[in-house]
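Chemist: I have a structure I would like to understand better, so I am pasting it below and will then ask my questions one at a time.
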Amino acid sequence: MAERMTIKPGENDILIVVDVQNDFLPGGALAVPEGDAVIEPINRLARAFRHVVLTQDWHPEGHASFASSHPAKQPFETTDLHYGPQVLWPDHCVQGTPGAEIARELDIPHAQLVIRKGYNAGIDSYSGFKEADRQTSTGPAGYLQERGFRRVFCAGLALDFCVAWTALDAAEAGFETYLIEDASRAIDTNGSLEKARQDLEAAGVRMIKSDQIVVA
Ligand code: VGL
Ligand code: ZN
């Protein structure tokens, strides 16, 4: 469902740059294939948006989403946590570590807010809006609504987890929501990318390319 129209970002539009952190880049603890390829398009896109916020995956040591917290489990296996199935990951984005830092190459000095997520030891949070139990809010729906935004544009890492879940929650919160595909990259484990695409389409999230955004 590629939309070919072009969009000139204005005062009611905000770009959410998801989890462009060292651990998701090549050499990182949970490196997303070609993760570094998002930096150049995001830097270019961000200049078209007056309003940008960042998300930052920010886990305590021993987080429930880490395979190392479950003795019998390996990374990329699934387990059942109290809120449902949870993919288990290598330890990543531990609070205060270099791997958790926003990539140095990201050049968005005008970013207005950093939304940290995944800080509750027992709950994962792919989305920048709501944690994986689907109850605990991380707050941005209210923030974005109070600031009067109408359209939300999402890009970053990883397309099939944190970018998708952020976009799905933005749509659910009532924003017209776009996912900029070529400014995102996927992990793609056990069919996750295909599943994310289906969920995004069902939710009415519009998949677009960065050349559809007019950069003045
Ligand atoms: C992410 C897995 C675990 C992401 C974060 O940023 O997509 N994926 N934590
Ligand atoms: Zn994480």
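In the structure tokens, chains take the letters A, B, ... in the order shown, each chain's residues start at 1, and ligands count up from 1 in the order shown.
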How would you write, as a ChimeraX atom specification, the set of residues in stretch 39-92 of chain A that DSSP gives as strand (DSSP E or B)?

Modeler: /A:52-57,59,66,78-81,84-87,89

Chemist: Counting only C-alpha atoms and all ligand atoms, which protein, DNA or RNA residues come within 7 Å of ligand 2, given as a list in words?

Modeler: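 Protein and nucleic-acid residues within 7 Å of ligand 2: Asp57, His59, His92, Cys93, Gly118, Asp124, Ser125 and Tyr126 of chain A.
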
Chemist: Store the residues picked out above, limited to all heavy atoms, as a compact mmCIF listing (two decimals), in the first residue's frame.

Modeler:
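So the final result, stored in again-v4.txt, reads:
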```
# COMPACT_ATOMS: atom_id res chain seq x y z
N ASP A 57 15.83 2.72 24.20
CA ASP A 57 15.64 1.47 24.93
C ASP A 57 16.57 1.54 26.15
O ASP A 57 17.76 1.85 26.00
CB ASP A 57 16.02 0.31 24.00
CG ASP A 57 15.23 -0.96 24.23
OD1 ASP A 57 14.03 -0.87 24.58
OD2 ASP A 57 15.80 -2.06 24.06
N HIS A 59 17.20 -0.51 29.62
CA HIS A 59 16.88 -1.62 30.52
C HIS A 59 17.80 -1.67 31.72
O HIS A 59 19.01 -1.45 31.60
CB HIS A 59 17.04 -2.96 29.78
CG HIS A 59 16.18 -3.13 28.57
ND1 HIS A 59 14.81 -3.00 28.61
CD2 HIS A 59 16.48 -3.43 27.28
CE1 HIS A 59 14.31 -3.22 27.40
NE2 HIS A 59 15.31 -3.48 26.57
N HIS A 92 21.12 -6.07 26.21
CA HIS A 92 21.31 -4.91 25.33
C HIS A 92 20.77 -3.67 26.02
O HIS A 92 19.88 -3.74 26.88
CB HIS A 92 20.60 -5.12 24.00
CG HIS A 92 19.10 -5.20 24.15
ND1 HIS A 92 18.45 -6.35 24.54
CD2 HIS A 92 18.13 -4.25 24.02
CE1 HIS A 92 17.16 -6.11 24.62
NE2 HIS A 92 16.93 -4.84 24.33
N CYS A 93 21.30 -2.52 25.62
CA CYS A 93 20.80 -1.22 26.08
C CYS A 93 20.63 -1.18 27.59
O CYS A 93 19.57 -0.75 28.10
CB CYS A 93 19.50 -0.86 25.36
SG CYS A 93 19.72 -0.70 23.57
N GLY A 118 11.36 0.56 28.71
CA GLY A 118 11.95 -0.74 29.05
C GLY A 118 12.67 -0.72 30.39
O GLY A 118 13.45 -1.61 30.70
N ASP A 124 8.84 -5.78 29.16
CA ASP A 124 9.52 -5.19 28.02
C ASP A 124 8.68 -4.03 27.48
O ASP A 124 7.50 -3.88 27.81
CB ASP A 124 9.77 -6.23 26.92
CG ASP A 124 10.98 -5.85 26.07
OD1 ASP A 124 11.62 -4.82 26.38
OD2 ASP A 124 11.29 -6.59 25.11
N SER A 125 9.30 -3.20 26.67
CA SER A 125 8.57 -2.10 26.06
C SER A 125 9.14 -1.82 24.68
O SER A 125 10.07 -1.04 24.54
CB SER A 125 8.65 -0.85 26.94
OG SER A 125 7.76 0.14 26.45
N TYR A 126 8.59 -2.45 23.67
CA TYR A 126 9.03 -2.13 22.30
C TYR A 126 8.54 -0.75 21.92
O TYR A 126 9.23 0.02 21.28
CB TYR A 126 8.46 -3.16 21.32
CG TYR A 126 8.95 -4.57 21.52
CD1 TYR A 126 8.10 -5.65 21.33
CD2 TYR A 126 10.28 -4.83 21.86
CE1 TYR A 126 8.54 -6.95 21.49
CE2 TYR A 126 10.72 -6.13 22.02
CZ TYR A 126 9.85 -7.19 21.84
OH TYR A 126 10.27 -8.48 21.99
```

Chemist: For the contact check between stretch 8-77 of chain A and stretch 184-197 of chain A, emit one row per residue of stretch 8-77 of chain A within 7 Å, containing the shortest atom pair and the distance in Å rounded to one decimal, counting only C-alpha atoms, chain then rising number order, as a Markdown table.

Modeler:
```
| residue | atom | partner | partner_atom | distance |
| --- | --- | --- | --- | --- |
| A:Val32 | CA | A:Ile187 | CA | 5.3 |
| A:Pro33 | CA | A:Ile187 | CA | 6.5 |
| A:Glu34 | CA | A:Arg185 | CA | 6.8 |
| A:Gly35 | CA | A:Arg185 | CA | 5.8 |
| A:Val38 | CA | A:Ser184 | CA | 5.6 |
```

Chemist: Any chance you could list, as a PDB file with all heavy atoms, in the first residue's frame, the residues in stretch 11-73 of chain A that come up helix (DSSP H, G or I) when DSSP is run on the backbone?

Modeler:
```pdb
ATOM      1  N   ASN A  22      23.702   2.472  20.028  1.00  0.00           N
ATOM      2  CA  ASN A  22      24.875   1.685  19.647  1.00  0.00           C
ATOM      3  C   ASN A  22      24.621   0.180  19.649  1.00  0.00           C
ATOM      4  O   ASN A  22      25.121  -0.532  18.790  1.00  0.00           O
ATOM      5  CB  ASN A  22      26.049   2.014  20.567  1.00  0.00           C
ATOM      6  CG  ASN A  22      26.518   3.449  20.377  1.00  0.00           C
ATOM      7  OD1 ASN A  22      26.364   4.009  19.297  1.00  0.00           O
ATOM      8  ND2 ASN A  22      27.070   4.040  21.428  1.00  0.00           N
ATOM      9  N   ASP A  23      23.872  -0.330  20.609  1.00  0.00           N
ATOM     10  CA  ASP A  23      23.673  -1.786  20.662  1.00  0.00           C
ATOM     11  C   ASP A  23      22.882  -2.326  19.473  1.00  0.00           C
ATOM     12  O   ASP A  23      22.924  -3.536  19.216  1.00  0.00           O
ATOM     13  CB  ASP A  23      22.989  -2.205  21.970  1.00  0.00           C
ATOM     14  CG  ASP A  23      24.004  -2.519  23.067  1.00  0.00           C
ATOM     15  OD1 ASP A  23      25.197  -2.732  22.749  1.00  0.00           O
ATOM     16  OD2 ASP A  23      23.598  -2.564  24.244  1.00  0.00           O
ATOM     17  N   PHE A  24      22.164  -1.475  18.752  1.00  0.00           N
ATOM     18  CA  PHE A  24      21.408  -1.937  17.582  1.00  0.00           C
ATOM     19  C   PHE A  24      22.176  -1.720  16.282  1.00  0.00           C
ATOM     20  O   PHE A  24      21.679  -2.042  15.202  1.00  0.00           O
ATOM     21  CB  PHE A  24      20.045  -1.243  17.524  1.00  0.00           C
ATOM     22  CG  PHE A  24      19.156  -1.554  18.698  1.00  0.00           C
ATOM     23  CD1 PHE A  24      18.667  -0.540  19.509  1.00  0.00           C
ATOM     24  CD2 PHE A  24      18.819  -2.869  19.001  1.00  0.00           C
ATOM     25  CE1 PHE A  24      17.858  -0.826  20.603  1.00  0.00           C
ATOM     26  CE2 PHE A  24      18.007  -3.165  20.096  1.00  0.00           C
ATOM     27  CZ  PHE A  24      17.533  -2.145  20.897  1.00  0.00           C
ATOM     28  N   GLY A  35      21.810  -1.910  10.298  1.00  0.00           N
ATOM     29  CA  GLY A  35      21.227  -0.887  11.173  1.00  0.00           C
ATOM     30  C   GLY A  35      21.804   0.498  10.939  1.00  0.00           C
ATOM     31  O   GLY A  35      21.095   1.500  11.033  1.00  0.00           O
ATOM     32  N   ASP A  36      23.082   0.556  10.583  1.00  0.00           N
ATOM     33  CA  ASP A  36      23.714   1.870  10.377  1.00  0.00           C
ATOM     34  C   ASP A  36      23.187   2.572   9.127  1.00  0.00           C
ATOM     35  O   ASP A  36      23.383   3.782   8.970  1.00  0.00           O
ATOM     36  CB  ASP A  36      25.246   1.751  10.346  1.00  0.00           C
ATOM     37  CG  ASP A  36      25.736   0.704   9.356  1.00  0.00           C
ATOM     38  OD1 ASP A  36      24.951  -0.192   8.954  1.00  0.00           O
ATOM     39  OD2 ASP A  36      26.915   0.784   8.982  1.00  0.00           O
ATOM     40  N   ALA A  37      22.492   1.830   8.256  1.00  0.00           N
ATOM     41  CA  ALA A  37      21.976   2.444   7.030  1.00  0.00           C
ATOM     42  C   ALA A  37      20.839   3.426   7.307  1.00  0.00           C
ATOM     43  O   ALA A  37      20.441   4.169   6.413  1.00  0.00           O
ATOM     44  CB  ALA A  37      21.500   1.367   6.060  1.00  0.00           C
ATOM     45  N   VAL A  38      20.299   3.444   8.525  1.00  0.00           N
ATOM     46  CA  VAL A  38      19.197   4.372   8.807  1.00  0.00           C
ATOM     47  C   VAL A  38      19.696   5.777   9.149  1.00  0.00           C
ATOM     48  O   VAL A  38      18.927   6.742   9.102  1.00  0.00           O
ATOM     49  CB  VAL A  38      18.287   3.869   9.967  1.00  0.00           C
ATOM     50  CG1 VAL A  38      17.785   2.449   9.673  1.00  0.00           C
ATOM     51  CG2 VAL A  38      18.968   3.947  11.318  1.00  0.00           C
ATOM     52  N   ILE A  39      20.972   5.885   9.501  1.00  0.00           N
ATOM     53  CA  ILE A  39      21.442   7.150  10.068  1.00  0.00           C
ATOM     54  C   ILE A  39      21.411   8.284   9.035  1.00  0.00           C
ATOM     55  O   ILE A  39      20.883   9.368   9.309  1.00  0.00           O
ATOM     56  CB  ILE A  39      22.839   6.965  10.686  1.00  0.00           C
ATOM     57  CG1 ILE A  39      22.693   6.087  11.943  1.00  0.00           C
ATOM     58  CG2 ILE A  39      23.477   8.307  11.019  1.00  0.00           C
ATOM     59  CD1 ILE A  39      24.001   5.690  12.585  1.00  0.00           C
ATOM     60  N   GLU A  40      21.929   8.002   7.848  1.00  0.00           N
ATOM     61  CA  GLU A  40      21.966   9.062   6.832  1.00  0.00           C
ATOM     62  C   GLU A  40      20.554   9.528   6.458  1.00  0.00           C
ATOM     63  O   GLU A  40      20.265  10.738   6.509  1.00  0.00           O
ATOM     64  CB  GLU A  40      22.774   8.568   5.626  1.00  0.00           C
ATOM     65  CG  GLU A  40      23.179   9.650   4.642  1.00  0.00           C
ATOM     66  CD  GLU A  40      22.129   9.875   3.566  1.00  0.00           C
ATOM     67  OE1 GLU A  40      21.362   8.921   3.251  1.00  0.00           O
ATOM     68  OE2 GLU A  40      22.050  11.003   3.074  1.00  0.00           O
ATOM     69  N   PRO A  41      19.623   8.600   6.119  1.00  0.00           N
ATOM     70  CA  PRO A  41      18.274   9.093   5.792  1.00  0.00           C
ATOM     71  C   PRO A  41      17.578   9.787   6.966  1.00  0.00           C
ATOM     72  O   PRO A  41      16.850  10.768   6.758  1.00  0.00           O
ATOM     73  CB  PRO A  41      17.511   7.835   5.360  1.00  0.00           C
ATOM     74  CG  PRO A  41      18.367   6.676   5.697  1.00  0.00           C
ATOM     75  CD  PRO A  41      19.769   7.157   5.832  1.00  0.00           C
ATOM     76  N   ILE A  42      17.814   9.305   8.183  1.00  0.00           N
ATOM     77  CA  ILE A  42      17.159   9.960   9.324  1.00  0.00           C
ATOM     78  C   ILE A  42      17.725  11.366   9.528  1.00  0.00           C
ATOM     79  O   ILE A  42      16.978  12.325   9.760  1.00  0.00           O
ATOM     80  CB  ILE A  42      17.288   9.102  10.602  1.00  0.00           C
ATOM     81  CG1 ILE A  42      16.368   7.874  10.511  1.00  0.00           C
ATOM     82  CG2 ILE A  42      16.943   9.927  11.848  1.00  0.00           C
ATOM     83  CD1 ILE A  42      16.482   6.894  11.672  1.00  0.00           C
ATOM     84  N   ASN A  43      19.030  11.517   9.415  1.00  0.00           N
ATOM     85  CA  ASN A  43      19.614  12.855   9.566  1.00  0.00           C
ATOM     86  C   ASN A  43      19.047  13.822   8.527  1.00  0.00           C
ATOM     87  O   ASN A  43      18.759  14.981   8.828  1.00  0.00           O
ATOM     88  CB  ASN A  43      21.140  12.798   9.444  1.00  0.00           C
ATOM     89  CG  ASN A  43      21.797  12.228  10.690  1.00  0.00           C
ATOM     90  OD1 ASN A  43      21.176  12.158  11.751  1.00  0.00           O
ATOM     91  ND2 ASN A  43      23.054  11.822  10.561  1.00  0.00           N
ATOM     92  N   ARG A  44      18.880  13.313   7.300  1.00  0.00           N
ATOM     93  CA  ARG A  44      18.347  14.157   6.226  1.00  0.00           C
ATOM     94  C   ARG A  44      16.886  14.500   6.507  1.00  0.00           C
ATOM     95  O   ARG A  44      16.478  15.659   6.431  1.00  0.00           O
ATOM     96  CB  ARG A  44      18.502  13.397   4.897  1.00  0.00           C
ATOM     97  CG  ARG A  44      18.202  14.206   3.664  1.00  0.00           C
ATOM     98  CD  ARG A  44      18.856  13.612   2.399  1.00  0.00           C
ATOM     99  NE  ARG A  44      19.063  12.168   2.474  1.00  0.00           N
ATOM    100  CZ  ARG A  44      18.127  11.256   2.180  1.00  0.00           C
ATOM    101  NH1 ARG A  44      16.914  11.623   1.835  1.00  0.00           N
ATOM    102  NH2 ARG A  44      18.406   9.963   2.254  1.00  0.00           N
ATOM    103  N   LEU A  45      16.108  13.478   6.854  1.00  0.00           N
ATOM    104  CA  LEU A  45      14.683  13.689   7.146  1.00  0.00           C
ATOM    105  C   LEU A  45      14.457  14.648   8.304  1.00  0.00           C
ATOM    106  O   LEU A  45      13.551  15.479   8.269  1.00  0.00           O
ATOM    107  CB  LEU A  45      14.060  12.365   7.596  1.00  0.00           C
ATOM    108  CG  LEU A  45      13.537  11.408   6.569  1.00  0.00           C
ATOM    109  CD1 LEU A  45      13.236  10.083   7.258  1.00  0.00           C
ATOM    110  CD2 LEU A  45      12.303  11.982   5.912  1.00  0.00           C
ATOM    111  N   ALA A  46      15.270  14.488   9.334  1.00  0.00           N
ATOM    112  CA  ALA A  46      15.057  15.262  10.560  1.00  0.00           C
ATOM    113  C   ALA A  46      15.121  16.757  10.285  1.00  0.00           C
ATOM    114  O   ALA A  46      14.479  17.546  10.975  1.00  0.00           O
ATOM    115  CB  ALA A  46      16.075  14.862  11.628  1.00  0.00           C
ATOM    116  N   ALA A  67      17.655 -13.054  27.583  1.00  0.00           N
ATOM    117  CA  ALA A  67      17.746 -14.519  27.682  1.00  0.00           C
ATOM    118  C   ALA A  67      18.572 -14.910  28.906  1.00  0.00           C
ATOM    119  O   ALA A  67      18.288 -15.917  29.560  1.00  0.00           O
ATOM    120  CB  ALA A  67      18.367 -15.088  26.409  1.00  0.00           C
ATOM    121  N   SER A  68      19.556 -14.092  29.243  1.00  0.00           N
ATOM    122  CA  SER A  68      20.443 -14.414  30.371  1.00  0.00           C
ATOM    123  C   SER A  68      19.702 -14.430  31.708  1.00  0.00           C
ATOM    124  O   SER A  68      20.208 -14.951  32.695  1.00  0.00           O
ATOM    125  CB  SER A  68      21.588 -13.400  30.440  1.00  0.00           C
ATOM    126  OG  SER A  68      21.078 -12.103  30.679  1.00  0.00           O
ATOM    127  N   SER A  69      18.492 -13.865  31.737  1.00  0.00           N
ATOM    128  CA  SER A  69      17.690 -13.892  32.964  1.00  0.00           C
ATOM    129  C   SER A  69      16.871 -15.176  33.086  1.00  0.00           C
ATOM    130  O   SER A  69      16.157 -15.353  34.080  1.00  0.00           O
ATOM    131  CB  SER A  69      16.727 -12.695  32.997  1.00  0.00           C
ATOM    132  OG  SER A  69      17.442 -11.488  32.842  1.00  0.00           O
TER     133      SER A  69
END
```

Chemist: Neighbours of ligand 1 at 7 Å or closer, counting only C-alpha atoms and all ligand atoms: which residues, as a PyMOL selection string?

Modeler: chain A and resi 18-19+57+89+126+157-163

Chemist: Any chance you could tabulate, as CSV, the residues of stretch 106-165 of chain A at most 9 Å from stretch 76-88 of chain A with each one's nearest atom pair and distance in Å to one decimal, using only C-alpha atoms, in chain and rising number order?

Modeler:
```
residue,atom,partner,partner_atom,distance
A:Gly122,CA,A:Leu81,CA,8.3
A:Ile123,CA,A:Tyr83,CA,8.2
A:Asp124,CA,A:Gln86,CA,8.1
A:Ala132,CA,A:Tyr83,CA,7.3
A:Asp133,CA,A:Tyr83,CA,5.0
A:Arg134,CA,A:Tyr83,CA,8.3
```

Chemist: With all heavy atoms kept, could you save the residues just selected as a PDB file, in the first residue's frame?

Modeler:
```
ATOM      1  N   GLY A 122      10.502  -6.118  34.971  1.00  0.00           N
ATOM      2  CA  GLY A 122       9.716  -7.294  34.606  1.00  0.00           C
ATOM      3  C   GLY A 122       8.892  -7.159  33.345  1.00  0.00           C
ATOM      4  O   GLY A 122       8.177  -8.083  32.982  1.00  0.00           O
ATOM      5  N   ILE A 123       8.969  -5.998  32.665  1.00  0.00           N
ATOM      6  CA  ILE A 123       8.113  -5.766  31.493  1.00  0.00           C
ATOM      7  C   ILE A 123       8.957  -5.218  30.356  1.00  0.00           C
ATOM      8  O   ILE A 123       9.704  -4.246  30.553  1.00  0.00           O
ATOM      9  CB  ILE A 123       7.002  -4.720  31.772  1.00  0.00           C
ATOM     10  CG1 ILE A 123       6.368  -4.906  33.151  1.00  0.00           C
ATOM     11  CG2 ILE A 123       5.946  -4.762  30.668  1.00  0.00           C
ATOM     12  CD1 ILE A 123       5.363  -3.808  33.501  1.00  0.00           C
ATOM     13  N   ASP A 124       8.838  -5.783  29.156  1.00  0.00           N
ATOM     14  CA  ASP A 124       9.519  -5.187  28.019  1.00  0.00           C
ATOM     15  C   ASP A 124       8.685  -4.030  27.483  1.00  0.00           C
ATOM     16  O   ASP A 124       7.505  -3.876  27.813  1.00  0.00           O
ATOM     17  CB  ASP A 124       9.769  -6.232  26.925  1.00  0.00           C
ATOM     18  CG  ASP A 124      10.982  -5.854  26.072  1.00  0.00           C
ATOM     19  OD1 ASP A 124      11.624  -4.824  26.376  1.00  0.00           O
ATOM     20  OD2 ASP A 124      11.286  -6.589  25.109  1.00  0.00           O
ATOM     21  N   ALA A 132       4.860  -3.694  27.129  1.00  0.00           N
ATOM     22  CA  ALA A 132       4.403  -4.927  26.486  1.00  0.00           C
ATOM     23  C   ALA A 132       3.241  -5.583  27.220  1.00  0.00           C
ATOM     24  O   ALA A 132       2.574  -6.450  26.668  1.00  0.00           O
ATOM     25  CB  ALA A 132       5.559  -5.910  26.345  1.00  0.00           C
ATOM     26  N   ASP A 133       2.982  -5.163  28.459  1.00  0.00           N
ATOM     27  CA  ASP A 133       1.766  -5.676  29.121  1.00  0.00           C
ATOM     28  C   ASP A 133       0.521  -4.986  28.563  1.00  0.00           C
ATOM     29  O   ASP A 133      -0.591  -5.366  28.893  1.00  0.00           O
ATOM     30  CB  ASP A 133       1.859  -5.484  30.644  1.00  0.00           C
ATOM     31  CG  ASP A 133       1.977  -4.027  31.064  1.00  0.00           C
ATOM     32  OD1 ASP A 133       2.012  -3.134  30.178  1.00  0.00           O
ATOM     33  OD2 ASP A 133       2.039  -3.771  32.273  1.00  0.00           O
ATOM     34  N   ARG A 134       0.755  -3.971  27.709  1.00  0.00           N
ATOM     35  CA  ARG A 134      -0.307  -3.182  27.053  1.00  0.00           C
ATOM     36  C   ARG A 134      -1.108  -2.352  28.054  1.00  0.00           C
ATOM     37  O   ARG A 134      -2.199  -1.877  27.712  1.00  0.00           O
ATOM     38  CB  ARG A 134      -1.254  -4.060  26.205  1.00  0.00           C
ATOM     39  CG  ARG A 134      -0.578  -5.100  25.334  1.00  0.00           C
ATOM     40  CD  ARG A 134       0.533  -4.539  24.444  1.00  0.00           C
ATOM     41  NE  ARG A 134       0.044  -3.571  23.469  1.00  0.00           N
ATOM     42  CZ  ARG A 134       0.714  -2.474  23.117  1.00  0.00           C
ATOM     43  NH1 ARG A 134       1.866  -2.175  23.672  1.00  0.00           N
ATOM     44  NH2 ARG A 134       0.241  -1.670  22.216  1.00  0.00           N
TER      45      ARG A 134
END
```

Chemist: Find the residues around A:Gln95 up to 8 Å (only C-alpha atoms counted), leave out those fewer than 3 positions away in its own chain, and share them as a JSON list (two decimals) with N, CA and C atoms, in the first residue's frame.

Modeler:
```
[["chain", "number", "residue", "atom", "x", "y", "z"],
["A", 58, "TRP", "N", 16.06, 1.22, 27.34],
["A", 58, "TRP", "CA", 16.80, 1.62, 28.57],
["A", 58, "TRP", "C", 16.49, 0.62, 29.69],
["A", 59, "HIS", "N", 17.20, -0.51, 29.62],
["A", 59, "HIS", "CA", 16.88, -1.62, 30.52],
["A", 59, "HIS", "C", 17.80, -1.67, 31.72],
["A", 60, "PRO", "N", 17.24, -2.04, 32.89],
["A", 60, "PRO", "CA", 18.11, -2.36, 34.03],
["A", 60, "PRO", "C", 18.81, -3.69, 33.78],
["A", 61, "GLU", "N", 19.93, -3.91, 34.45],
["A", 61, "GLU", "CA", 20.59, -5.22, 34.39],
["A", 61, "GLU", "C", 19.61, -6.29, 34.84],
["A", 100, "ALA", "N", 23.90, 1.59, 25.24],
["A", 100, "ALA", "CA", 22.58, 2.22, 25.37],
["A", 100, "ALA", "C", 22.58, 3.66, 24.85]]
```

Chemist: Write out as a list in words which residues come within 7 Å of A:Thr6 when counting only C-alpha atoms, dropping same-chain ones fewer than 3 positions away.

Modeler: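 My list of contacting residues is Gln212, Ile213 and Val214 of chain A.
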
Chemist: Within 10 Å of A:Arg150, counting only C-alpha atoms, which residues qualify if same-chain residues fewer than 3 places away don't, as a PyMOL selection string?

Modeler: chain A and resi 11-14+144-145+147+174-177

Chemist: Using the selection just defined, write its residues with C-alpha atoms as a CSV table (one decimal), in the first residue's frame.

Modeler:
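Okay, this is what ended up in result_5.csv:
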```
chain,number,residue,atom,x,y,z
A,11,GLU,CA,3.5,22.4,12.6
A,12,ASN,CA,1.2,19.5,13.3
A,13,ASP,CA,3.7,16.9,12.3
A,14,ILE,CA,6.3,15.1,14.5
A,144,LEU,CA,1.8,14.6,21.7
A,145,GLN,CA,-1.9,15.3,22.1
A,147,ARG,CA,1.2,19.7,22.0
A,174,GLY,CA,-5.6,8.6,17.1
A,175,PHE,CA,-2.7,10.0,15.2
A,176,GLU,CA,-2.4,9.7,11.4
A,177,THR,CA,0.6,7.5,11.4
```

Chemist: Smallest atom-to-atom distance to A:Gln112: which of A:Thr97, A:Thr55, A:Gln135, A:Gln74, using only C-alpha atoms?

Modeler: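 Closest candidate: A:Thr55.
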
Chemist: Which residues, written as a ChimeraX atom specification, have at least one atom at most 9 Å from A:Glu181, with only C-alpha atoms counted and residues fewer than 5 positions away on the same chain left out?

Modeler: /A:154-156,159,207-210

Chemist: Could you state the separation of atom CA of A:Ser127 and atom CA of A:Gly10 in Å, given to one decimal place?

Modeler: 24.3 Å

Chemist: Smallest atom-to-atom distance to A:His110: which of A:Lys8, A:Val215, A:His63, A:Arg50, using only C-alpha atoms?

Modeler: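 Among the listed residues, the smallest separation from A:His110 belongs to A:Arg50.
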